[in-house]
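Visitor: Sharing my_file.cif (mmCIF, C-alpha atoms and all ligand atoms) below.
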data_my_file
#
loop_
_atom_site.label_atom_id
_atom_site.label_comp_id
_atom_site.auth_asym_id
_atom_site.auth_seq_id
_atom_site.Cartn_x
_atom_site.Cartn_y
_atom_site.Cartn_z
CA MET J 1 0.00 0.00 0.00
CA THR J 2 1.38 3.42 -0.84
CA MET J 3 0.76 6.16 1.64
CA ALA J 4 0.36 9.86 0.96
CA GLU J 5 3.23 11.90 2.30
CA ASN J 6 3.44 15.15 4.21
CA LEU J 7 -0.35 15.45 4.50
CA LEU J 8 0.12 17.62 7.59
CA LYS J 9 3.19 19.56 6.54
CA GLY J 10 3.30 22.91 8.33
CA LYS J 11 0.35 22.03 10.58
CA LYS J 12 0.40 22.28 14.35
CA GLY J 13 -1.72 20.16 16.63
CA ILE J 14 -2.60 19.26 20.21
CA ILE J 15 -3.06 15.58 21.02
CA PHE J 16 -4.97 14.64 24.19
CA GLY J 17 -4.96 11.16 25.72
CA ALA J 18 -1.74 9.29 24.87
CA LEU J 19 -1.44 7.04 27.93
CA ASN J 20 0.76 4.27 26.52
CA ASP J 21 1.75 2.81 23.16
CA GLN J 22 -1.63 1.09 22.80
CA SER J 23 -3.53 4.39 23.02
CA ILE J 24 -5.21 5.56 19.83
CA ALA J 25 -3.82 9.03 20.65
CA TRP J 26 -0.27 7.64 20.81
CA LYS J 27 -0.57 6.09 17.36
CA THR J 28 -2.18 9.27 16.01
CA ALA J 29 0.65 11.40 17.39
CA LEU J 30 3.24 9.20 15.66
CA GLN J 31 1.38 9.24 12.36
CA ALA J 32 0.68 13.00 12.49
CA HIS J 33 4.37 13.61 13.17
CA SER J 34 5.45 11.34 10.33
CA GLN J 35 3.08 13.30 8.05
CA GLY J 36 4.92 16.51 8.91
CA ALA J 37 2.93 17.97 11.84
CA GLU J 38 4.37 19.71 14.89
CA LEU J 39 2.75 18.62 18.14
CA VAL J 40 2.00 19.48 21.74
CA LEU J 41 1.03 16.48 23.88
CA THR J 42 -1.28 16.56 26.88
CA ASN J 43 -2.88 14.22 29.36
CA ALA J 44 -4.35 14.34 32.86
CA PRO J 45 -1.65 14.92 35.50
CA VAL J 46 -2.45 11.52 37.12
CA ALA J 47 -2.00 9.75 33.78
CA MET J 48 1.57 11.02 33.55
CA ARG J 49 2.86 9.23 36.60
CA MET J 50 4.24 6.36 34.55
CA GLY J 51 6.10 8.91 32.43
CA GLU J 52 5.50 7.07 29.17
CA ILE J 53 4.24 10.20 27.43
CA HIS J 54 7.75 11.65 27.60
CA GLU J 55 9.02 8.73 25.51
CA LEU J 56 6.39 9.57 22.92
CA ALA J 57 7.37 13.25 23.08
CA LYS J 58 10.93 12.31 22.14
CA GLN J 59 9.70 10.28 19.17
CA VAL J 60 7.65 13.17 17.80
CA GLY J 61 10.30 15.86 17.56
CA ASP J 62 10.66 16.69 21.26
CA ALA J 63 7.08 17.86 21.56
CA PRO J 64 6.28 19.79 24.74
CA VAL J 65 4.14 17.87 27.23
CA VAL J 66 1.60 20.04 29.05
CA PRO J 67 -0.41 18.34 31.83
CA ALA J 68 -4.10 19.25 31.80
CA ASP J 69 -7.16 17.74 33.41
CA ALA J 70 -9.61 18.11 30.53
CA THR J 71 -12.44 18.87 32.99
CA SER J 72 -10.61 22.00 34.22
CA VAL J 73 -11.16 25.21 32.27
CA GLU J 74 -8.12 26.65 34.02
CA ASP J 75 -5.89 23.76 32.89
CA LEU J 76 -7.26 23.95 29.35
CA THR J 77 -6.62 27.70 29.20
CA ASN J 78 -3.03 27.14 30.30
CA LEU J 79 -2.68 24.34 27.71
CA PHE J 80 -3.77 26.55 24.81
CA GLU J 81 -1.60 29.43 26.06
CA GLN J 82 1.45 27.16 26.21
CA ALA J 83 0.69 25.60 22.83
CA MET J 84 0.24 28.96 21.09
CA GLU J 85 3.43 30.25 22.65
CA HIS J 86 5.33 27.15 21.53
CA PHE J 87 3.93 27.24 17.99
CA GLY J 88 4.17 31.03 17.73
CA GLY J 89 0.53 31.16 16.65
CA GLN J 90 -2.70 29.23 16.29
CA VAL J 91 -3.29 25.49 16.42
CA ASP J 92 -4.53 23.71 13.26
CA PHE J 93 -5.87 20.50 14.75
CA VAL J 94 -6.89 18.91 18.04
CA LEU J 95 -7.44 15.24 18.89
CA HIS J 96 -9.79 14.61 21.85
CA SER J 97 -9.08 11.01 22.85
CA ILE J 98 -10.47 10.92 26.37
CA GLY J 99 -12.88 8.58 28.07
CA MET J 100 -13.47 7.30 31.60
CA SER J 101 -16.44 6.04 33.60
CA PRO J 102 -16.15 5.28 37.33
CA ASN J 103 -19.42 3.30 37.06
CA VAL J 104 -18.02 1.04 34.32
CA ARG J 105 -14.69 0.73 36.09
CA LYS J 106 -16.33 -0.32 39.33
CA GLY J 107 -18.76 -2.69 37.64
CA LYS J 108 -21.95 -0.77 38.53
CA HIS J 109 -24.96 -2.03 36.60
CA TYR J 110 -26.47 0.58 34.26
CA THR J 111 -29.79 0.49 36.14
CA ASP J 112 -28.08 1.13 39.46
CA ILE J 113 -25.44 3.74 38.75
CA ASN J 114 -23.92 6.14 41.23
CA TYR J 115 -25.03 9.60 40.07
CA ASN J 116 -21.93 11.42 41.30
CA TRP J 117 -19.93 9.02 39.18
CA LEU J 118 -22.27 9.62 36.24
CA SER J 119 -21.44 13.32 36.52
CA THR J 120 -17.76 12.42 36.36
CA THR J 121 -18.33 10.15 33.34
CA LEU J 122 -20.14 12.93 31.48
CA ASP J 123 -17.68 15.63 32.51
CA VAL J 124 -14.53 13.67 31.59
CA SER J 125 -15.81 11.90 28.49
CA ALA J 126 -18.08 14.52 26.88
CA ILE J 127 -18.25 17.95 28.51
CA SER J 128 -14.44 18.11 28.35
CA LEU J 129 -14.87 18.49 24.56
CA HIS J 130 -17.22 21.45 25.09
CA LYS J 131 -14.76 23.03 27.55
CA THR J 132 -11.84 22.50 25.16
CA LEU J 133 -13.74 24.11 22.29
CA ALA J 134 -15.10 26.96 24.42
CA VAL J 135 -11.63 27.81 25.72
CA ALA J 136 -10.15 27.59 22.21
CA LYS J 137 -12.90 29.76 20.70
CA LYS J 138 -12.59 32.47 23.37
CA MET J 139 -8.82 32.56 22.85
CA ASP J 140 -9.19 32.31 19.06
CA ALA J 141 -6.67 29.48 19.36
CA ILE J 142 -7.70 27.37 16.33
CA SER J 143 -6.95 28.52 12.79
CA GLU J 144 -9.59 28.87 10.04
CA TRP J 145 -10.34 25.48 8.49
CA GLY J 146 -8.76 23.92 11.56
CA SER J 147 -10.00 20.45 12.47
CA VAL J 148 -11.06 18.93 15.79
CA VAL J 149 -11.64 15.17 16.07
CA ALA J 150 -13.06 13.35 19.09
CA LEU J 151 -13.26 9.57 19.42
CA THR J 152 -16.56 7.85 20.06
CA TYR J 153 -18.29 4.48 19.94
CA ILE J 154 -21.49 3.14 18.33
CA ALA J 155 -23.01 2.55 21.79
CA ALA J 156 -24.12 6.19 21.34
CA GLN J 157 -26.74 4.94 18.83
CA ARG J 158 -27.43 1.35 19.93
CA ILE J 159 -27.44 -0.46 23.23
CA PHE J 160 -24.33 -2.46 24.14
CA PRO J 161 -25.19 -3.58 27.67
CA ASP J 162 -21.71 -3.59 29.23
CA TYR J 163 -20.83 -0.12 27.94
CA GLY J 164 -22.96 1.33 30.77
CA ASP J 165 -23.14 5.08 31.22
CA MET J 166 -20.31 5.60 28.70
CA ALA J 167 -23.05 5.23 26.07
CA ASP J 168 -24.76 8.32 27.44
CA ALA J 169 -21.45 10.17 27.52
CA LYS J 170 -20.77 9.29 23.87
CA SER J 171 -24.26 10.44 22.83
CA LEU J 172 -23.57 13.76 24.52
CA LEU J 173 -20.10 13.94 22.92
CA GLU J 174 -21.63 13.50 19.46
CA SER J 175 -24.31 16.09 20.23
CA ILE J 176 -21.71 18.63 21.37
CA THR J 177 -19.83 17.92 18.13
CA ARG J 178 -22.90 18.91 16.09
CA SER J 179 -23.86 21.93 18.19
CA PHE J 180 -20.39 23.38 18.63
CA GLY J 181 -19.53 22.41 15.07
CA TYR J 182 -22.31 24.72 13.90
CA HIS J 183 -21.24 27.69 16.01
CA TYR J 184 -17.49 27.32 15.49
CA GLY J 185 -18.04 26.70 11.79
CA VAL J 186 -20.06 29.88 11.32
CA ALA J 187 -17.71 31.99 13.43
CA LYS J 188 -14.28 30.69 12.36
CA LYS J 189 -14.69 27.89 9.82
CA VAL J 190 -13.38 25.40 12.38
CA ARG J 191 -14.66 21.89 11.73
CA ILE J 192 -15.51 19.31 14.38
CA ASN J 193 -16.21 15.60 13.87
CA THR J 194 -16.33 12.38 15.85
CA VAL J 195 -14.76 9.14 14.67
CA SER J 196 -16.73 6.10 15.80
CA GLN J 197 -14.04 3.47 16.16
CA SER J 198 -14.22 -0.36 16.27
CA PRO J 199 -13.50 -1.90 19.68
CA THR J 200 -9.72 -1.69 20.12
CA ILE J 201 -7.44 -3.25 22.73
CA THR J 202 -6.29 -0.31 24.88
CA THR J 203 -6.38 0.55 28.59
CA ALA J 204 -9.79 2.27 28.27
CA GLY J 205 -11.17 -0.51 26.04
CA SER J 206 -10.13 -3.29 28.40
CA GLY J 207 -12.12 -1.63 31.21
CA VAL J 208 -15.33 -2.87 29.57
CA LYS J 209 -16.55 -6.24 30.91
CA GLY J 210 -16.33 -9.18 28.49
CA PHE J 211 -14.17 -7.12 26.13
CA ASP J 212 -12.36 -10.05 24.47
CA GLU J 213 -15.61 -11.81 23.51
CA PHE J 214 -16.93 -8.51 22.38
CA ILE J 215 -13.97 -7.85 20.09
CA ALA J 216 -14.49 -11.30 18.55
CA TYR J 217 -18.22 -10.64 18.02
CA SER J 218 -17.50 -7.29 16.42
CA GLU J 219 -14.85 -8.86 14.20
CA SER J 220 -17.32 -11.44 12.92
CA MET J 221 -19.94 -8.73 12.27
CA SER J 222 -17.61 -6.45 10.25
CA PRO J 223 -17.11 -7.23 6.56
CA LEU J 224 -13.58 -5.78 6.70
CA GLY J 225 -12.93 -6.94 10.26
CA ASN J 226 -12.34 -4.59 13.18
CA ALA J 227 -10.39 -1.44 12.39
CA ASP J 228 -7.28 -1.35 14.58
CA GLY J 229 -5.72 1.59 16.40
CA GLN J 230 -3.21 2.28 13.64
CA ALA J 231 -5.95 2.51 11.01
CA CYS J 232 -7.85 4.86 13.32
CA ALA J 233 -4.75 7.05 13.58
CA ASP J 234 -4.54 7.14 9.76
CA TYR J 235 -8.19 8.18 9.51
CA CYS J 236 -7.76 10.93 12.10
CA VAL J 237 -4.76 12.27 10.16
CA SER J 238 -6.87 12.40 6.98
CA LEU J 239 -9.45 14.44 8.91
CA PHE J 240 -6.78 16.87 10.12
CA SER J 241 -5.60 17.33 6.53
CA ASP J 242 -6.88 19.79 3.94
CA LEU J 243 -8.26 16.91 1.86
CA THR J 244 -11.36 16.75 4.09
CA ARG J 245 -12.00 20.44 4.66
CA PHE J 246 -15.77 20.47 4.08
CA VAL J 247 -16.44 17.61 6.48
CA THR J 248 -17.89 18.91 9.74
CA MET J 249 -20.51 18.10 12.42
CA GLN J 250 -20.39 14.43 11.42
CA ASN J 251 -20.17 11.18 13.29
CA LEU J 252 -17.94 9.10 11.01
CA PHE J 253 -17.92 5.34 11.41
CA HIS J 254 -14.48 3.80 11.23
CA ASP J 255 -15.51 0.24 11.91
CA GLY J 256 -14.94 -2.06 8.93
CA GLY J 257 -18.64 -1.86 8.05
CA PHE J 258 -20.01 -3.01 11.43
CA SER J 259 -22.52 -0.15 11.72
CA ASN J 260 -24.31 -1.04 8.48
CA THR J 261 -24.31 -4.79 8.97
CA GLY J 262 -27.56 -6.35 10.21
CA VAL J 263 -26.06 -9.78 10.53
CA SER J 264 -23.18 -11.61 8.88
CA GLN J 265 -23.14 -15.10 7.42
CA GLU J 266 -20.53 -15.99 10.00
CA VAL J 267 -22.79 -15.02 12.89
CA ILE J 268 -25.89 -16.66 11.34
CA GLY J 269 -23.85 -19.82 10.94
CA LYS J 270 -23.50 -20.10 14.71
CA PHE J 271 -27.29 -20.52 15.02
CA GLY J 272 -27.78 -23.14 12.31
CA PRO J 273 -28.36 -26.85 13.02
CA GLU J 274 -25.13 -28.58 14.03
CA GLU J 275 -23.53 -30.24 11.06
CA ALA J 276 -23.05 -33.95 11.47
N1 LIG J 301 -10.59 1.21 22.82
C1 LIG J 301 -11.78 1.12 22.25
O1 LIG J 301 -12.34 0.03 22.07
C2 LIG J 301 -12.47 2.36 21.76
C3 LIG J 301 -13.51 2.26 20.80
C4 LIG J 301 -14.17 3.42 20.40
C5 LIG J 301 -13.80 4.64 20.95
N2 LIG J 301 -12.78 4.71 21.89
C6 LIG J 301 -12.45 6.01 22.46
O2 LIG J 301 -11.12 6.36 22.12
C7 LIG J 301 -10.65 7.31 23.07
C8 LIG J 301 -9.25 6.91 23.52
O3 LIG J 301 -9.28 5.74 24.26
P1 LIG J 301 -8.21 4.56 24.09
O4 LIG J 301 -8.99 3.36 23.73
O5 LIG J 301 -7.07 4.98 23.26
O6 LIG J 301 -7.75 4.31 25.62
P2 LIG J 301 -6.67 5.01 26.56
O7 LIG J 301 -6.97 4.49 27.93
O8 LIG J 301 -5.32 4.80 26.02
O9 LIG J 301 -7.03 6.57 26.47
C9 LIG J 301 -7.97 7.22 27.31
C10 LIG J 301 -7.30 8.49 27.78
O10 LIG J 301 -8.19 9.36 28.48
C11 LIG J 301 -7.37 10.08 29.38
N3 LIG J 301 -8.14 10.76 30.42
C12 LIG J 301 -8.96 10.21 31.37
N4 LIG J 301 -9.42 11.17 32.18
C13 LIG J 301 -8.90 12.35 31.75
C14 LIG J 301 -9.01 13.70 32.19
N5 LIG J 301 -9.77 14.04 33.24
N6 LIG J 301 -8.33 14.67 31.51
C15 LIG J 301 -7.56 14.36 30.44
N7 LIG J 301 -7.42 13.08 29.98
C16 LIG J 301 -8.08 12.10 30.63
C17 LIG J 301 -6.50 8.97 29.96
O11 LIG J 301 -5.40 9.47 30.70
C18 LIG J 301 -6.11 8.22 28.71
O12 LIG J 301 -4.92 8.75 28.15
C19 LIG J 301 -11.70 7.37 24.18
O13 LIG J 301 -12.58 8.45 23.94
C20 LIG J 301 -12.43 6.06 23.98
O14 LIG J 301 -13.73 6.08 24.53
C21 LIG J 301 -12.12 3.60 22.28
#
For this file, produce the structure as structure tokens.
Guide:
Amino acid sequence: MTMAENLLKGKKGIIFGALNDQSIAWKTALQAHSQGAELVLTNAPVAMRMGEIHELAKQVGDAPVVPADATSVEDLTNLFEQAMEHFGGQVDFVLHSIGMSPNVRKGKHYTDINYNWLSTTLDVSAISLHKTLAVAKKMDAISEWGSVVALTYIAAQRIFPDYGDMADAKSLLESITRSFGYHYGVAKKVRINTVSQSPTITTAGSGVKGFDEFIAYSESMSPLGNADGQACADYCVSLFSDLTRFVTMQNLFHDGGFSNTGVSQEVIGKFGPEEA
């Protein structure tokens, strides 16, 4: 396969959420850098304790690492200030790759959730996108035709029982993408989309109960198979590039065809009479 080159030459971006080398954000940072982008990396202060993000920073041209809790407007303001100072101007793209639910982590059933934890789920996984965009817009921190991508999952549209209150967070995330995408588009031609990714083996993914079985089910329901983290990184880079500049306010499925498959022959086959 031949790959386009220098798709992001001269572009400057902020990447949230690279926890370790399995993270979709980690792979996106590497691919964005190899396509010519300059980066600033960020994650929650607690997520930096293992220090792995600094290894990534070295691999992407000694990118600055700015800690920010994405639920804190103060931290986000500092992040954009630091990024604009480092770049000597505006940011061209932002990856929001953040998700966490205390209810899912602690195995709370969806019908019996802790509501304080639900607030945390929504704040971390969805409202953080609103806060990021609101801070950026007030500071005029994103360039015209700039691109913001947030990662989501199809549980926003359909019930996947073990995804718990993260489903509600993803629905809100996709709604914020539409609403803010309108306002930021009109005001500054900034575009905002979500990428709805196949289940992927990462730290956040593995927090969902029965994840391995689930990955196998999804694989057998996707004509192309599950999209992996690297392919997701490639797709995000295409959305940061100028080749997709009229795409905004969309939820884009990156799932090997899963979302449009009612049932696959492979899955039907499991319900047929046993062959002798
Ligand atoms: N892995 C999957 O199966 C899958 C599928 C579809 C969508 N997604 C989404 O992709 C995104 C990235 O997840 P991942 O699978 O790469 O897992 P990951 O665990 O590597 O990334 C999640 C990140 O969120 C960060 N985070 C949590 N709380 C934060 C806070 N308060 N402030 C800032 N950052 C915070 C974590 O530190 C971590 O880096 C998430 O939005 C996730 O829901 C994942």
Visitor: Using all atoms listed in the file, I'd like a table of the residues in chain J that come within 7 Å of ligand LIG 301 (chain J); for each, show the closest atom pair and its distance in Å rounded to one decimal, ordered by chain and ascending number, as a tab-separated table.
Guide:
residue	atom	partner	partner_atom	distance
J:Phe16	CA	J:LIG301	N7	6.5
J:Gly17	CA	J:LIG301	O12	3.4
J:Ala18	CA	J:LIG301	O12	4.6
J:Leu19	CA	J:LIG301	O12	3.9
J:Asn20	CA	J:LIG301	O8	6.1
J:Gln22	CA	J:LIG301	O8	6.1
J:Ser23	CA	J:LIG301	O8	3.5
J:Ile24	CA	J:LIG301	O5	3.9
J:Ala25	CA	J:LIG301	O5	5.8
J:Asn43	CA	J:LIG301	N7	4.7
J:Ala44	CA	J:LIG301	C15	4.0
J:Ala47	CA	J:LIG301	O11	4.6
J:Ala68	CA	J:LIG301	C15	6.1
J:Asp69	CA	J:LIG301	N6	3.8
J:Ala70	CA	J:LIG301	N6	3.8
J:Thr71	CA	J:LIG301	N5	5.5
J:Ser97	CA	J:LIG301	C7	4.0
J:Ile98	CA	J:LIG301	O10	3.5
J:Gly99	CA	J:LIG301	O13	4.1
J:Met100	CA	J:LIG301	C12	5.4
J:Val124	CA	J:LIG301	N5	5.1
J:Ser125	CA	J:LIG301	O13	6.6
J:Ala150	CA	J:LIG301	O13	6.9
J:Leu151	CA	J:LIG301	O13	4.7
J:Thr152	CA	J:LIG301	C5	4.3
J:Tyr153	CA	J:LIG301	C4	4.3
J:Ser196	CA	J:LIG301	C4	5.9
J:Gln197	CA	J:LIG301	C4	4.2
J:Ser198	CA	J:LIG301	C3	5.3
J:Pro199	CA	J:LIG301	O1	3.3
J:Thr200	CA	J:LIG301	O1	3.7
J:Ile201	CA	J:LIG301	N1	5.5
J:Thr202	CA	J:LIG301	O4	4.7
J:Thr203	CA	J:LIG301	O7	4.0
J:Ala204	CA	J:LIG301	O7	3.6
J:Gly205	CA	J:LIG301	N1	3.7
Visitor: Write to file, as a PDB file, in the coordinates of the input, the residues of the selection just made, with C-alpha atoms.
Guide:
ATOM      1  CA  PHE J  16      -4.970  14.640  24.190  1.00  0.00           C
ATOM      2  CA  GLY J  17      -4.960  11.160  25.720  1.00  0.00           C
ATOM      3  CA  ALA J  18      -1.740   9.290  24.870  1.00  0.00           C
ATOM      4  CA  LEU J  19      -1.440   7.040  27.930  1.00  0.00           C
ATOM      5  CA  ASN J  20       0.760   4.270  26.520  1.00  0.00           C
ATOM      6  CA  GLN J  22      -1.630   1.090  22.800  1.00  0.00           C
ATOM      7  CA  SER J  23      -3.530   4.390  23.020  1.00  0.00           C
ATOM      8  CA  ILE J  24      -5.210   5.560  19.830  1.00  0.00           C
ATOM      9  CA  ALA J  25      -3.820   9.030  20.650  1.00  0.00           C
ATOM     10  CA  ASN J  43      -2.880  14.220  29.360  1.00  0.00           C
ATOM     11  CA  ALA J  44      -4.350  14.340  32.860  1.00  0.00           C
ATOM     12  CA  ALA J  47      -2.000   9.750  33.780  1.00  0.00           C
ATOM     13  CA  ALA J  68      -4.100  19.250  31.800  1.00  0.00           C
ATOM     14  CA  ASP J  69      -7.160  17.740  33.410  1.00  0.00           C
ATOM     15  CA  ALA J  70      -9.610  18.110  30.530  1.00  0.00           C
ATOM     16  CA  THR J  71     -12.440  18.870  32.990  1.00  0.00           C
ATOM     17  CA  SER J  97      -9.080  11.010  22.850  1.00  0.00           C
ATOM     18  CA  ILE J  98     -10.470  10.920  26.370  1.00  0.00           C
ATOM     19  CA  GLY J  99     -12.880   8.580  28.070  1.00  0.00           C
ATOM     20  CA  MET J 100     -13.470   7.300  31.600  1.00  0.00           C
ATOM     21  CA  VAL J 124     -14.530  13.670  31.590  1.00  0.00           C
ATOM     22  CA  SER J 125     -15.810  11.900  28.490  1.00  0.00           C
ATOM     23  CA  ALA J 150     -13.060  13.350  19.090  1.00  0.00           C
ATOM     24  CA  LEU J 151     -13.260   9.570  19.420  1.00  0.00           C
ATOM     25  CA  THR J 152     -16.560   7.850  20.060  1.00  0.00           C
ATOM     26  CA  TYR J 153     -18.290   4.480  19.940  1.00  0.00           C
ATOM     27  CA  SER J 196     -16.730   6.100  15.800  1.00  0.00           C
ATOM     28  CA  GLN J 197     -14.040   3.470  16.160  1.00  0.00           C
ATOM     29  CA  SER J 198     -14.220  -0.360  16.270  1.00  0.00           C
ATOM     30  CA  PRO J 199     -13.500  -1.900  19.680  1.00  0.00           C
ATOM     31  CA  THR J 200      -9.720  -1.690  20.120  1.00  0.00           C
ATOM     32  CA  ILE J 201      -7.440  -3.250  22.730  1.00  0.00           C
ATOM     33  CA  THR J 202      -6.290  -0.310  24.880  1.00  0.00           C
ATOM     34  CA  THR J 203      -6.380   0.550  28.590  1.00  0.00           C
ATOM     35  CA  ALA J 204      -9.790   2.270  28.270  1.00  0.00           C
ATOM     36  CA  GLY J 205     -11.170  -0.510  26.040  1.00  0.00           C
TER      37      GLY J 205
END
Visitor: So what do you get for CA of Arg191 in chain J versus CA of Phe246 in chain J, distance-wise?
Guide: 7.9 Å
Visitor: Distance CA of Ser72 in chain J-CA of Lys189 in chain J, one decimal place?
Guide: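 Separation between CA of Ser72 in chain J and CA of Lys189 in chain J: 25.4 Å.
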Visitor: I need the residue nearest Ala141 in chain J from this list: J:Gly88, J:Pro45, J:Gly181, J:Gly107. Use only C-alpha atoms for the distance.
Guide: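 The shortest atom-to-atom distance to Ala141 in chain J comes from J:Gly88.
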Visitor: Quick one: of J:Ala57, J:Lys170, J:Lys27, J:Gly210, who's nearest to Asp228 in chain J, counting only C-alpha atoms?
Guide: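 Among the listed residues, the smallest separation from Asp228 in chain J belongs to J:Lys27.
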Visitor: Give me, as a Markdown table, each residue of range 74-171 of chain J that comes within 10 Å of range 238-242 of chain J, together with its shortest interatomic pair and the distance in Å at one decimal, counting only C-alpha atoms, with rows ordered by chain and rising residue number.
Guide:
| residue | atom | partner | partner_atom | distance |
| --- | --- | --- | --- | --- |
| J:Asp92 | CA | J:Phe240 | CA | 7.9 |
| J:Phe93 | CA | J:Phe240 | CA | 6.0 |
| J:Val94 | CA | J:Phe240 | CA | 8.2 |
| J:Leu95 | CA | J:Phe240 | CA | 8.9 |
| J:Trp145 | CA | J:Asp242 | CA | 8.1 |
| J:Gly146 | CA | J:Phe240 | CA | 7.5 |
| J:Ser147 | CA | J:Phe240 | CA | 5.4 |
| J:Val148 | CA | J:Phe240 | CA | 7.4 |
| J:Val149 | CA | J:Leu239 | CA | 7.5 |
Visitor: Work out how far apart CA of His183 in chain J and CA of Thr248 in chain J are and give it in Å to one decimal.
Guide: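 The value is 11.3 Å.
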Visitor: Would you pick out the contacts of range 33-41 of chain J at 10 Å or less, using all atoms listed in the file, so that residues sharing its chain but fewer than 2 positions from it are not included, and give the list as a PyMOL selection string?
Guide: chain J and resi 3-18+25-31+43+53-54+56-57+59-68+79-80+82-84+86-87+91-95+234+237+240-241
Visitor: Write to file, as a short mmCIF file (atom, residue, chain, number, x, y, z; two decimals), in the frame of the given file, the residues of the selection just made, with C-alpha atoms.
Guide:
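Result went into result-v3.cif, see below:
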data_model
loop_
_atom_site.label_atom_id
_atom_site.label_comp_id
_atom_site.auth_asym_id
_atom_site.auth_seq_id
_atom_site.Cartn_x
_atom_site.Cartn_y
_atom_site.Cartn_z
CA MET J 3 0.76 6.16 1.64
CA ALA J 4 0.36 9.86 0.96
CA GLU J 5 3.23 11.90 2.30
CA ASN J 6 3.44 15.15 4.21
CA LEU J 7 -0.35 15.45 4.50
CA LEU J 8 0.12 17.62 7.59
CA LYS J 9 3.19 19.56 6.54
CA GLY J 10 3.30 22.91 8.33
CA LYS J 11 0.35 22.03 10.58
CA LYS J 12 0.40 22.28 14.35
CA GLY J 13 -1.72 20.16 16.63
CA ILE J 14 -2.60 19.26 20.21
CA ILE J 15 -3.06 15.58 21.02
CA PHE J 16 -4.97 14.64 24.19
CA GLY J 17 -4.96 11.16 25.72
CA ALA J 18 -1.74 9.29 24.87
CA ALA J 25 -3.82 9.03 20.65
CA TRP J 26 -0.27 7.64 20.81
CA LYS J 27 -0.57 6.09 17.36
CA THR J 28 -2.18 9.27 16.01
CA ALA J 29 0.65 11.40 17.39
CA LEU J 30 3.24 9.20 15.66
CA GLN J 31 1.38 9.24 12.36
CA ASN J 43 -2.88 14.22 29.36
CA ILE J 53 4.24 10.20 27.43
CA HIS J 54 7.75 11.65 27.60
CA LEU J 56 6.39 9.57 22.92
CA ALA J 57 7.37 13.25 23.08
CA GLN J 59 9.70 10.28 19.17
CA VAL J 60 7.65 13.17 17.80
CA GLY J 61 10.30 15.86 17.56
CA ASP J 62 10.66 16.69 21.26
CA ALA J 63 7.08 17.86 21.56
CA PRO J 64 6.28 19.79 24.74
CA VAL J 65 4.14 17.87 27.23
CA VAL J 66 1.60 20.04 29.05
CA PRO J 67 -0.41 18.34 31.83
CA ALA J 68 -4.10 19.25 31.80
CA LEU J 79 -2.68 24.34 27.71
CA PHE J 80 -3.77 26.55 24.81
CA GLN J 82 1.45 27.16 26.21
CA ALA J 83 0.69 25.60 22.83
CA MET J 84 0.24 28.96 21.09
CA HIS J 86 5.33 27.15 21.53
CA PHE J 87 3.93 27.24 17.99
CA VAL J 91 -3.29 25.49 16.42
CA ASP J 92 -4.53 23.71 13.26
CA PHE J 93 -5.87 20.50 14.75
CA VAL J 94 -6.89 18.91 18.04
CA LEU J 95 -7.44 15.24 18.89
CA ASP J 234 -4.54 7.14 9.76
CA VAL J 237 -4.76 12.27 10.16
CA PHE J 240 -6.78 16.87 10.12
CA SER J 241 -5.60 17.33 6.53
#
Visitor: Per residue of range 119-235 of chain J within 9 Å of range 258-261 of chain J, record the nearest atom pair and its distance in Å to one decimal, counting all atoms listed in the file, with rows in chain order and ascending residue number, as a tab-separated table.
Guide:
residue	atom	partner	partner_atom	distance
J:Ile154	CA	J:Ser259	CA	7.5
J:Ser198	CA	J:Phe258	CA	8.0
J:Ser218	CA	J:Phe258	CA	7.0
J:Glu219	CA	J:Phe258	CA	8.3
J:Ser220	CA	J:Phe258	CA	9.0
J:Met221	CA	J:Phe258	CA	5.8
J:Ser222	CA	J:Phe258	CA	4.4
J:Pro223	CA	J:Phe258	CA	7.1
J:Leu224	CA	J:Phe258	CA	8.4
J:Gly225	CA	J:Phe258	CA	8.2
J:Asn226	CA	J:Phe258	CA	8.0
Visitor: Which residue is closest to Tyr217 in chain J? Choose from J:Gln250, J:Thr244, J:Thr194, J:Ser264 and count all atoms listed in the file.
Guide: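 Closest residue, counting all atoms listed in the file: J:Ser264.
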Visitor: Name the residues within 12 Å of (-20.6, 19.2, 24.1), counting only C-alpha atoms in the file's coordinates, and put them as an MDAnalysis selection string.
Guide: chainID J and resid 96 122:134 150 169:183 192:194 249
Visitor: Rank nothing, just name the residue among J:Asp255, J:Lys270, J:Asp112, J:Tyr184 nearest to Ile215 in chain J, using all atoms listed in the file.
Guide: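 Among J:Asp255, J:Lys270, J:Asp112, J:Tyr184, it is J:Asp255 that comes nearest to Ile215 in chain J.
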Visitor: Point out the residue among J:Gly51, J:Pro161, J:Gly185, J:Gly207 with the least atom-to-atom distance to Ser101 in chain J, counting only C-alpha atoms.
Guide: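 Going through J:Gly51, J:Pro161, J:Gly185, J:Gly207 one by one, the smallest distance to Ser101 in chain J is for J:Gly207.
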Visitor: Taking (-26.1, 6.8, 30.9) in the file's coordinates, which residues come within 12 Å, counting all atoms listed in the file, written as a VMD selection string?
Guide: chain J and resid 101 to 104 108 to 115 117 to 122 125 to 126 155 to 156 159 to 172
Visitor: Please determine, counting all atoms listed in the file, which residue among J:Glu144, J:Lys188, J:Glu52, J:Gln157 has the shortest atom-to-atom distance to Asn251 in chain J.
Guide: J:Gln157
